[in-house]
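Q: Got a structure for you, start20.cif, holding mmCIF, C-alpha atoms.
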```cif
data_start
#
loop_
_atom_site.label_atom_id
_atom_site.label_comp_id
_atom_site.auth_asym_id
_atom_site.auth_seq_id
_atom_site.Cartn_x
_atom_site.Cartn_y
_atom_site.Cartn_z
CA MET A 1 -91.65 10.01 7.48
CA PRO A 2 -93.41 6.65 7.06
CA ALA A 3 -93.16 4.89 3.75
CA THR A 4 -96.25 4.68 1.62
CA SER A 5 -97.54 1.23 0.84
CA ASP A 6 -98.05 0.30 -2.81
CA SER A 7 -101.66 -0.47 -1.96
CA THR A 8 -102.28 2.94 -0.36
CA PRO A 9 -104.36 5.08 -2.71
CA VAL A 10 -102.74 8.38 -3.62
CA THR A 11 -104.98 11.35 -4.35
CA ARG A 12 -103.72 13.28 -7.32
CA ILE A 13 -104.75 16.86 -8.08
CA PRO A 14 -105.68 17.09 -11.73
CA ARG A 15 -103.67 19.62 -13.69
CA PRO A 16 -105.72 22.31 -15.37
CA ARG A 17 -105.90 21.94 -19.07
CA SER A 18 -103.82 24.51 -20.87
CA GLY A 19 -106.74 25.34 -23.12
CA THR A 20 -108.91 26.16 -20.11
CA GLY A 21 -106.22 28.42 -18.65
CA ARG A 22 -105.80 30.28 -21.92
CA ALA A 23 -109.56 30.71 -22.27
CA LEU A 24 -109.80 32.11 -18.73
CA GLN A 25 -106.94 34.53 -19.36
CA LYS A 26 -108.49 35.65 -22.63
CA GLY A 27 -111.84 36.17 -20.90
CA GLN A 28 -110.21 38.35 -18.24
CA GLN A 29 -108.40 40.36 -20.88
CA THR A 30 -111.62 40.86 -22.83
CA LYS A 31 -113.45 42.00 -19.70
CA ALA A 32 -110.63 44.45 -18.94
CA VAL A 33 -110.96 45.91 -22.44
CA ILE A 34 -114.70 46.33 -21.97
CA VAL A 35 -114.25 48.01 -18.56
CA GLU A 36 -111.65 50.34 -20.05
CA ALA A 37 -114.04 51.36 -22.81
CA ALA A 38 -116.90 51.72 -20.32
CA LEU A 39 -114.77 53.91 -18.06
CA GLY A 40 -113.95 56.18 -20.98
CA LEU A 41 -117.63 56.51 -21.85
CA ALA A 42 -118.74 57.03 -18.26
CA THR A 43 -116.35 59.95 -17.67
CA HIS A 44 -117.99 61.78 -20.58
CA ILE A 45 -121.63 60.68 -20.53
CA GLY A 46 -122.03 59.45 -16.94
CA LEU A 47 -122.75 56.03 -15.48
CA GLU A 48 -126.39 56.23 -16.55
CA GLY A 49 -125.29 56.71 -20.14
CA LEU A 50 -123.65 53.28 -20.18
CA SER A 51 -125.44 50.53 -22.03
CA ILE A 52 -124.55 47.09 -23.33
CA GLY A 53 -125.35 48.29 -26.85
CA ALA A 54 -123.11 51.35 -26.66
CA LEU A 55 -120.20 49.25 -25.43
CA ALA A 56 -120.79 46.69 -28.15
CA ASP A 57 -120.45 49.47 -30.73
CA VAL A 58 -117.29 50.89 -29.13
CA THR A 59 -115.53 47.55 -28.65
CA GLY A 60 -116.74 45.96 -31.87
CA MET A 61 -118.27 43.06 -29.94
CA SER A 62 -121.76 41.62 -30.04
CA LYS A 63 -124.26 42.64 -27.36
CA SER A 64 -124.41 39.06 -26.15
CA GLY A 65 -120.61 38.99 -25.92
CA VAL A 66 -120.54 42.09 -23.73
CA PHE A 67 -123.48 40.89 -21.64
CA ALA A 68 -121.79 37.54 -20.97
CA HIS A 69 -118.98 39.27 -19.03
CA PHE A 70 -121.27 41.20 -16.68
CA GLY A 71 -124.78 39.78 -16.74
CA SER A 72 -126.48 43.12 -16.26
CA ARG A 73 -126.06 46.84 -16.86
CA GLU A 74 -125.95 47.33 -13.10
CA GLU A 75 -122.96 45.02 -12.69
CA LEU A 76 -121.24 46.84 -15.55
CA GLN A 77 -121.71 50.16 -13.75
CA ILE A 78 -120.34 48.73 -10.50
CA SER A 79 -117.30 47.32 -12.33
CA VAL A 80 -116.61 50.78 -13.75
CA ILE A 81 -116.87 52.36 -10.28
CA ARG A 82 -114.42 49.81 -8.87
CA GLU A 83 -111.96 50.38 -11.68
CA TYR A 84 -112.20 54.15 -11.27
CA HIS A 85 -111.59 53.83 -7.53
CA THR A 86 -108.56 51.57 -8.11
CA ARG A 87 -107.00 54.10 -10.45
CA PHE A 88 -107.82 56.95 -8.09
CA GLU A 89 -105.98 55.16 -5.29
CA GLN A 90 -102.99 54.42 -7.52
CA GLU A 91 -102.68 58.03 -8.68
CA VAL A 92 -103.69 59.95 -5.56
CA PHE A 93 -103.38 57.87 -2.39
CA TYR A 94 -100.44 55.48 -2.71
CA PRO A 95 -97.85 57.98 -4.07
CA ALA A 96 -98.55 60.28 -1.09
CA MET A 97 -97.71 57.52 1.40
CA SER A 98 -93.99 58.09 0.77
CA ALA A 99 -94.29 61.55 2.36
CA PRO A 100 -93.75 61.85 6.14
CA ARG A 101 -96.84 61.73 8.32
CA GLY A 102 -98.31 65.11 9.08
CA VAL A 103 -98.79 68.23 6.98
CA ALA A 104 -96.33 66.95 4.37
CA ARG A 105 -98.47 63.86 3.67
CA LEU A 106 -101.74 65.80 3.80
CA SER A 107 -100.31 68.29 1.31
CA ALA A 108 -99.13 65.43 -0.93
CA LEU A 109 -102.63 63.92 -0.90
CA PHE A 110 -104.16 67.24 -1.86
CA ASP A 111 -101.46 67.83 -4.48
CA ASN A 112 -102.17 64.47 -6.13
CA TRP A 113 -105.91 65.12 -5.89
CA MET A 114 -105.40 68.43 -7.68
CA LYS A 115 -103.31 66.79 -10.40
CA ARG A 116 -106.09 64.33 -11.12
CA THR A 117 -108.71 67.07 -10.93
CA SER A 118 -106.81 69.18 -13.48
CA ILE A 119 -107.14 66.29 -15.94
CA GLU A 120 -110.78 65.62 -15.09
CA ILE A 121 -111.71 69.23 -15.80
CA ASP A 122 -111.64 68.13 -19.43
CA SER A 123 -112.76 64.50 -19.09
CA GLY A 124 -115.13 64.53 -16.12
CA CYS A 125 -115.16 62.92 -12.66
CA ILE A 126 -117.29 59.84 -11.96
CA TYR A 127 -117.45 60.65 -8.24
CA ILE A 128 -119.06 64.02 -8.99
CA SER A 129 -121.21 63.12 -11.99
CA GLY A 130 -122.26 59.90 -10.25
CA ALA A 131 -123.36 61.84 -7.18
CA VAL A 132 -125.66 63.92 -9.35
CA GLU A 133 -127.09 60.82 -11.03
CA PHE A 134 -127.60 58.68 -7.92
CA ASP A 135 -128.08 61.15 -5.05
CA ASP A 136 -131.80 60.42 -4.86
CA ARG A 137 -131.68 56.70 -5.61
CA ASN A 138 -131.11 53.51 -3.68
CA GLY A 139 -129.44 50.33 -4.84
CA PRO A 140 -126.08 48.61 -5.31
CA VAL A 141 -124.72 51.13 -7.83
CA ARG A 142 -125.26 54.04 -5.46
CA ASP A 143 -123.85 51.96 -2.60
CA ALA A 144 -120.69 51.13 -4.56
CA LEU A 145 -120.22 54.77 -5.53
CA ALA A 146 -120.81 56.10 -2.02
CA SER A 147 -118.52 53.45 -0.53
CA SER A 148 -115.67 54.49 -2.84
CA VAL A 149 -116.05 58.18 -1.98
CA LEU A 150 -116.31 57.47 1.76
CA THR A 151 -113.18 55.30 1.61
CA TRP A 152 -111.23 58.16 0.08
CA LEU A 153 -112.57 60.74 2.52
CA ALA A 154 -111.69 58.42 5.42
CA ALA A 155 -108.08 58.37 4.17
CA MET A 156 -108.03 62.17 4.08
CA ARG A 157 -109.54 62.32 7.59
CA ARG A 158 -106.86 59.95 8.87
CA ALA A 159 -104.16 62.18 7.36
CA ILE A 160 -105.65 65.16 9.23
CA GLU A 161 -105.70 63.15 12.47
CA GLN A 162 -102.03 62.31 11.96
CA CYS A 163 -101.27 66.01 11.58
CA LYS A 164 -102.76 66.53 15.04
CA GLU A 165 -100.85 63.56 16.44
CA CYS A 166 -97.62 65.05 15.06
CA GLY A 167 -98.41 68.35 16.76
CA GLU A 168 -98.66 70.26 13.46
CA LEU A 169 -102.35 71.15 13.80
CA ARG A 170 -104.04 72.72 16.78
CA PRO A 171 -105.33 70.18 19.34
CA ASP A 172 -108.85 71.62 19.01
CA THR A 173 -108.91 71.09 15.24
CA ASN A 174 -112.18 69.48 14.16
CA GLU A 175 -111.16 66.83 11.61
CA GLU A 176 -114.64 66.64 10.07
CA GLN A 177 -114.81 70.39 9.58
CA MET A 178 -111.33 70.61 8.05
CA LEU A 179 -112.10 67.68 5.73
CA PHE A 180 -115.39 69.33 4.73
CA GLU A 181 -113.54 72.52 3.77
CA ILE A 182 -110.86 70.70 1.77
CA HIS A 183 -113.46 68.57 -0.06
CA GLY A 184 -115.41 71.74 -0.76
CA LEU A 185 -112.41 73.20 -2.59
CA ILE A 186 -112.38 70.28 -5.02
CA LEU A 187 -116.12 70.46 -5.62
CA ALA A 188 -115.94 74.22 -6.18
CA LEU A 189 -113.01 73.75 -8.57
CA HIS A 190 -114.98 71.33 -10.73
CA TYR A 191 -117.96 73.69 -10.86
CA GLU A 192 -115.93 76.82 -11.52
CA ALA A 193 -113.42 75.33 -13.96
CA ARG A 194 -115.50 72.72 -15.79
CA PHE A 195 -118.94 74.35 -15.87
CA LEU A 196 -118.29 78.11 -15.62
CA ARG A 197 -114.77 77.95 -17.12
CA THR A 198 -113.58 80.60 -14.71
CA PRO A 199 -109.91 81.53 -15.25
CA GLY A 200 -107.65 81.11 -12.24
CA SER A 201 -109.81 78.48 -10.53
CA MET A 202 -106.90 76.10 -10.02
CA ALA A 203 -104.71 78.74 -8.36
CA ARG A 204 -107.58 79.79 -6.10
CA SER A 205 -108.07 76.21 -4.96
CA VAL A 206 -104.39 75.93 -4.09
CA MET A 207 -104.56 79.21 -2.18
CA GLY A 208 -107.69 77.98 -0.41
CA PHE A 209 -105.84 74.89 0.82
CA GLN A 210 -102.94 76.99 2.05
CA ASN A 211 -105.39 79.22 3.91
CA ILE A 212 -107.01 76.20 5.55
CA LEU A 213 -103.62 74.90 6.69
CA ALA A 214 -102.63 78.30 8.04
CA ARG A 215 -105.87 78.57 10.00
CA TYR A 216 -105.58 75.16 11.65
CA SER A 217 -101.80 74.95 12.09
CA VAL A 218 -100.14 75.62 15.43
CA PRO A 219 -98.30 79.00 15.43
CA SER A 220 -94.83 77.43 15.56
CA THR A 221 -95.40 75.11 12.60
CA PRO A 222 -94.50 76.46 9.14
CA VAL A 223 -97.23 75.76 6.60
CA ALA A 224 -96.04 73.41 3.88
CA ALA A 225 -96.29 74.64 0.31
CA ALA A 226 -99.46 73.01 -0.97
CA ALA A 227 -99.83 71.49 -4.42
CA PRO A 228 -96.98 73.24 -6.27
CA ALA A 229 -97.20 70.76 -9.14
CA ALA A 230 -100.93 71.26 -9.49
CA ALA A 231 -100.49 75.02 -9.49
CA ARG A 232 -97.99 74.77 -12.35
CA ARG A 233 -100.13 72.38 -14.37
CA LYS A 234 -101.56 74.03 -17.46
CA VAL A 235 -105.33 74.06 -17.60
CA SER A 236 -106.74 75.21 -20.92
CA ILE A 237 -109.69 77.13 -19.46
CA GLN A 238 -108.53 80.60 -20.49
CA THR A 239 -107.64 79.33 -23.97
CA THR A 240 -111.10 77.83 -24.39
CA ILE A 241 -112.79 81.05 -23.30
CA SER A 242 -110.69 83.23 -25.60
CA LYS A 243 -111.49 81.03 -28.59
CA GLU A 244 -115.18 81.32 -27.92
#
```
Would you kindly transcribe this structure into structure tokens?

A:
Amino acid sequence: MPATSDSTPVTRIPRPRSGTGRALQKGQQTKAVIVEAALGLATHIGLEGLSIGALADVTGMSKSGVFAHFGSREELQISVIREYHTRFEQEVFYPAMSAPRGVARLSALFDNWMKRTSIEIDSGCIYISGAVEFDDRNGPVRDALASSVLTWLAAMRRAIEQCKECGELRPDTNEEQMLFEIHGLILALHYEARFLRTPGSMARSVMGFQNILARYSVPSTPVAAAAPAAARRKVSIQTTISKE
């Protein structure tokens, strides 16, 4: 390596000031707190119910302070959708990847989906409430919401395709049709359990998934037990009805 002459200028990268780094970290932490509060509000009152003023009241910040982290109500809504999608992946998708490819992984995905759904029966689901709010609108909020849902459904479709590749589903299985039926179970569960408060909705959804697997599986493949944890999870629908 050639020696550097004393007269050769050396470019030095300036070190970031510690105060600047701390301010940036604090700003990120503050934004995370706001998004957390916004996510809690959105699950109960919907994305359209979010406002800079409401978040200022919940977080104890000024409206200008909340606005400075997002710039607009629209960007706030998109940030909430992204955070919801991240948590959905962490709770539903990634844990299921440890299961072997095929029916076992597909069942794990549905099991995790049911676990999250059983919680959202009380709190609400942004994917479902957001679809009602933005189904007839255009714009970046709808695009962000639709993109998140489509990303998840694509993962479920890929799991179904892998079941076929593993020889556990019939070769003539239509992946789109099977996905449509599985997604329909979750949508029906939210309607029956959250809106109508019908007892036994969770167990019927589990049975519906088992029926779908049995219908599409090759005769020699035993159907995996679907969503046993979700079936055991206590859902306080019957208790709510009896109290009323």

Q: Name the residues in contact with region 150-166 of chain A at a cut-off of 10 Å, using all atoms listed in the file, excluding same-chain residues fewer than 6 positions from it; report them as a VMD selection string.

A: chain A and resid 85 88 to 89 92 to 93 97 101 to 107 109 to 110 144 172 to 180 182 to 183 216 to 218

Q: With region 37-42 of chain A as the partner and 12 Å as the cut-off, tabulate the residues of region 91-193 of chain A that qualify, each row holding the nearest pair of atoms and their distance in Å to one decimal, using all atoms listed in the file, sorted by chain and rising number, as a Markdown table.

A:
```
| residue | atom | partner | partner_atom | distance |
| --- | --- | --- | --- | --- |
| A:Glu120 | CA | A:Gly40 | CA | 11.6 |
| A:Ser123 | CA | A:Gly40 | CA | 8.6 |
| A:Gly124 | CA | A:Ala42 | CA | 8.6 |
| A:Cys125 | CA | A:Ala42 | CA | 8.9 |
| A:Ile126 | CA | A:Ala42 | CA | 7.0 |
| A:Tyr127 | CA | A:Ala42 | CA | 10.7 |
| A:Ile128 | CA | A:Ala42 | CA | 11.6 |
| A:Ser129 | CA | A:Ala42 | CA | 9.1 |
| A:Gly130 | CA | A:Ala42 | CA | 9.2 |
| A:Glu133 | CA | A:Ala42 | CA | 11.7 |
```

Q: Give me, please, the distance in Å between CA of Phe70 (chain A) and CA of Ala54 (chain A), quoted to one decimal.

A: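 CA of Phe70 (chain A) sits 14.4 Å away from CA of Ala54 (chain A).
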
Q: Build an axis-aligned box that encloses every atom of region 105-108 of chain A listed in the file, pad it by 4 Å on each side, and report its centre and edge lengths in Å to one decimal, as AutoDock Vina command-line options.

A:
```
--center_x -100.1 --center_y 66.1 --center_z 1.4 --size_x 11.3 --size_y 12.4 --size_z 12.7
```

Q: Care to translate the PyMOL selection byres ((chain A and resi 74) around 12) into actual residues of this file, as a PyMOL selection string?

A: chain A and resi 47-52+67+70-73+75-81+139-144

Q: To one decimal place, how far is CA of Gln28 (chain A) from CA of Val58 (chain A) in Å?

A: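 That distance, rounded to one decimal, is 18.1 Å.
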
Q: Give the answer as one residue: which of A:Gln29, A:Gln210, A:Thr198, A:Ser220 has the shortest atom-to-atom distance to Asp111 (chain A), using only C-alpha atoms?

A: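 Residue with the minimum atom-to-atom distance to Asp111 (chain A): A:Gln210.
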
Q: If I take CA of Leu55 (chain A) and CA of Ile34 (chain A), how far is one from the other in Å, to one decimal?

A: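 One can read the CA of Leu55 (chain A) to CA of Ile34 (chain A) distance as 7.1 Å.
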
Q: Counting only C-alpha atoms, figure out which residue out of A:Pro219, A:Gly208, A:Gly65, A:Pro199 gets nearest to Arg170 (chain A).

A: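 So, comparing all the options, the nearest one is A:Pro219.
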
Q: Taking the file above as input, evaluate the PyMOL selection byres ((chain A and resi 211) around 12) and report the hits as an NGL selection string.

A: :A and (178 or 181-182 or 185 or 204-210 or 212-217 or 223-226)

Q: Writing N, CA, C and O atoms and nothing else, produce region 99-122 of chain A as a JSON list (two decimals), in the first residue's frame.

A:
```
[["chain", "number", "residue", "atom", "x", "y", "z"],
["A", 99, "ALA", "N", -43.07, -24.64, 10.50],
["A", 99, "ALA", "CA", -43.77, -25.88, 10.18],
["A", 99, "ALA", "C", -43.33, -26.37, 8.81],
["A", 99, "ALA", "O", -42.99, -25.57, 7.93],
["A", 100, "PRO", "N", -43.33, -27.69, 8.58],
["A", 100, "PRO", "CA", -42.94, -28.22, 7.27],
["A", 100, "PRO", "C", -43.87, -27.73, 6.17],
["A", 100, "PRO", "O", -45.05, -27.47, 6.40],
["A", 101, "ARG", "N", -43.32, -27.58, 4.96],
["A", 101, "ARG", "CA", -44.14, -27.19, 3.83],
["A", 101, "ARG", "C", -45.26, -28.20, 3.61],
["A", 101, "ARG", "O", -45.08, -29.39, 3.82],
["A", 102, "GLY", "N", -46.39, -27.70, 3.18],
["A", 102, "GLY", "CA", -47.52, -28.56, 2.91],
["A", 102, "GLY", "C", -48.69, -28.25, 3.83],
["A", 102, "GLY", "O", -48.82, -27.12, 4.33],
["A", 103, "VAL", "N", -49.52, -29.25, 4.08],
["A", 103, "VAL", "CA", -50.72, -29.06, 4.89],
["A", 103, "VAL", "C", -50.36, -28.60, 6.30],
["A", 103, "VAL", "O", -51.09, -27.82, 6.91],
["A", 104, "ALA", "N", -49.24, -29.07, 6.84],
["A", 104, "ALA", "CA", -48.84, -28.67, 8.18],
["A", 104, "ALA", "C", -48.62, -27.17, 8.27],
["A", 104, "ALA", "O", -49.06, -26.51, 9.22],
["A", 105, "ARG", "N", -47.95, -26.58, 7.26],
["A", 105, "ARG", "CA", -47.72, -25.13, 7.27],
["A", 105, "ARG", "C", -49.00, -24.36, 7.00],
["A", 105, "ARG", "O", -49.26, -23.32, 7.63],
["A", 106, "LEU", "N", -49.81, -24.85, 6.07],
["A", 106, "LEU", "CA", -51.08, -24.19, 5.78],
["A", 106, "LEU", "C", -51.96, -24.18, 7.02],
["A", 106, "LEU", "O", -52.60, -23.17, 7.34],
["A", 107, "SER", "N", -51.99, -25.29, 7.74],
["A", 107, "SER", "CA", -52.77, -25.37, 8.97],
["A", 107, "SER", "C", -52.22, -24.44, 10.04],
["A", 107, "SER", "O", -52.99, -23.81, 10.79],
["A", 108, "ALA", "N", -50.89, -24.30, 10.11],
["A", 108, "ALA", "CA", -50.28, -23.39, 11.07],
["A", 108, "ALA", "C", -50.63, -21.95, 10.76],
["A", 108, "ALA", "O", -50.91, -21.15, 11.67],
["A", 109, "LEU", "N", -50.64, -21.60, 9.48],
["A", 109, "LEU", "CA", -51.03, -20.24, 9.08],
["A", 109, "LEU", "C", -52.48, -19.95, 9.48],
["A", 109, "LEU", "O", -52.79, -18.88, 10.03],
["A", 110, "PHE", "N", -53.35, -20.91, 9.23],
["A", 110, "PHE", "CA", -54.75, -20.71, 9.58],
["A", 110, "PHE", "C", -54.92, -20.68, 11.11],
["A", 110, "PHE", "O", -55.70, -19.89, 11.65],
["A", 111, "ASP", "N", -54.18, -21.54, 11.80],
["A", 111, "ASP", "CA", -54.24, -21.57, 13.27],
["A", 111, "ASP", "C", -53.85, -20.20, 13.84],
["A", 111, "ASP", "O", -54.55, -19.65, 14.69],
["A", 112, "ASN", "N", -52.73, -19.64, 13.35],
["A", 112, "ASN", "CA", -52.28, -18.34, 13.84],
["A", 112, "ASN", "C", -53.27, -17.23, 13.47],
["A", 112, "ASN", "O", -53.49, -16.29, 14.23],
["A", 113, "TRP", "N", -53.86, -17.35, 12.29],
["A", 113, "TRP", "CA", -54.87, -16.39, 11.84],
["A", 113, "TRP", "C", -56.07, -16.44, 12.79],
["A", 113, "TRP", "O", -56.63, -15.40, 13.17],
["A", 114, "MET", "N", -56.46, -17.64, 13.17],
["A", 114, "MET", "CA", -57.59, -17.80, 14.09],
["A", 114, "MET", "C", -57.27, -17.24, 15.48],
["A", 114, "MET", "O", -58.12, -16.64, 16.13],
["A", 115, "LYS", "N", -56.05, -17.43, 15.94],
["A", 115, "LYS", "CA", -55.65, -16.89, 17.23],
["A", 115, "LYS", "C", -55.80, -15.37, 17.25],
["A", 115, "LYS", "O", -56.33, -14.79, 18.19],
["A", 116, "ARG", "N", -55.29, -14.76, 16.18],
["A", 116, "ARG", "CA", -55.40, -13.30, 16.10],
["A", 116, "ARG", "C", -56.84, -12.86, 15.97],
["A", 116, "ARG", "O", -57.27, -11.88, 16.57],
["A", 117, "THR", "N", -57.62, -13.61, 15.18],
["A", 117, "THR", "CA", -59.03, -13.27, 15.00],
["A", 117, "THR", "C", -59.79, -13.35, 16.31],
["A", 117, "THR", "O", -60.67, -12.53, 16.60],
["A", 118, "SER", "N", -59.46, -14.35, 17.14],
["A", 118, "SER", "CA", -60.16, -14.51, 18.42],
["A", 118, "SER", "C", -59.96, -13.31, 19.32],
["A", 118, "SER", "O", -60.83, -12.95, 20.12],
["A", 119, "ILE", "N", -58.80, -12.66, 19.19],
["A", 119, "ILE", "CA", -58.54, -11.43, 19.95],
["A", 119, "ILE", "C", -59.27, -10.25, 19.33],
["A", 119, "ILE", "O", -59.86, -9.41, 20.02],
["A", 120, "GLU", "N", -59.28, -10.20, 18.00],
["A", 120, "GLU", "CA", -59.88, -9.07, 17.30],
["A", 120, "GLU", "C", -61.40, -9.10, 17.32],
["A", 120, "GLU", "O", -62.03, -8.11, 16.92],
["A", 121, "ILE", "N", -61.99, -10.20, 17.76],
["A", 121, "ILE", "CA", -63.44, -10.23, 17.94],
["A", 121, "ILE", "C", -63.85, -9.16, 18.95],
["A", 121, "ILE", "O", -64.91, -8.55, 18.85],
["A", 122, "ASP", "N", -62.98, -8.91, 19.91],
["A", 122, "ASP", "CA", -63.26, -7.88, 20.92],
["A", 122, "ASP", "C", -62.73, -6.51, 20.50],
["A", 122, "ASP", "O", -63.35, -5.49, 20.78]]
```
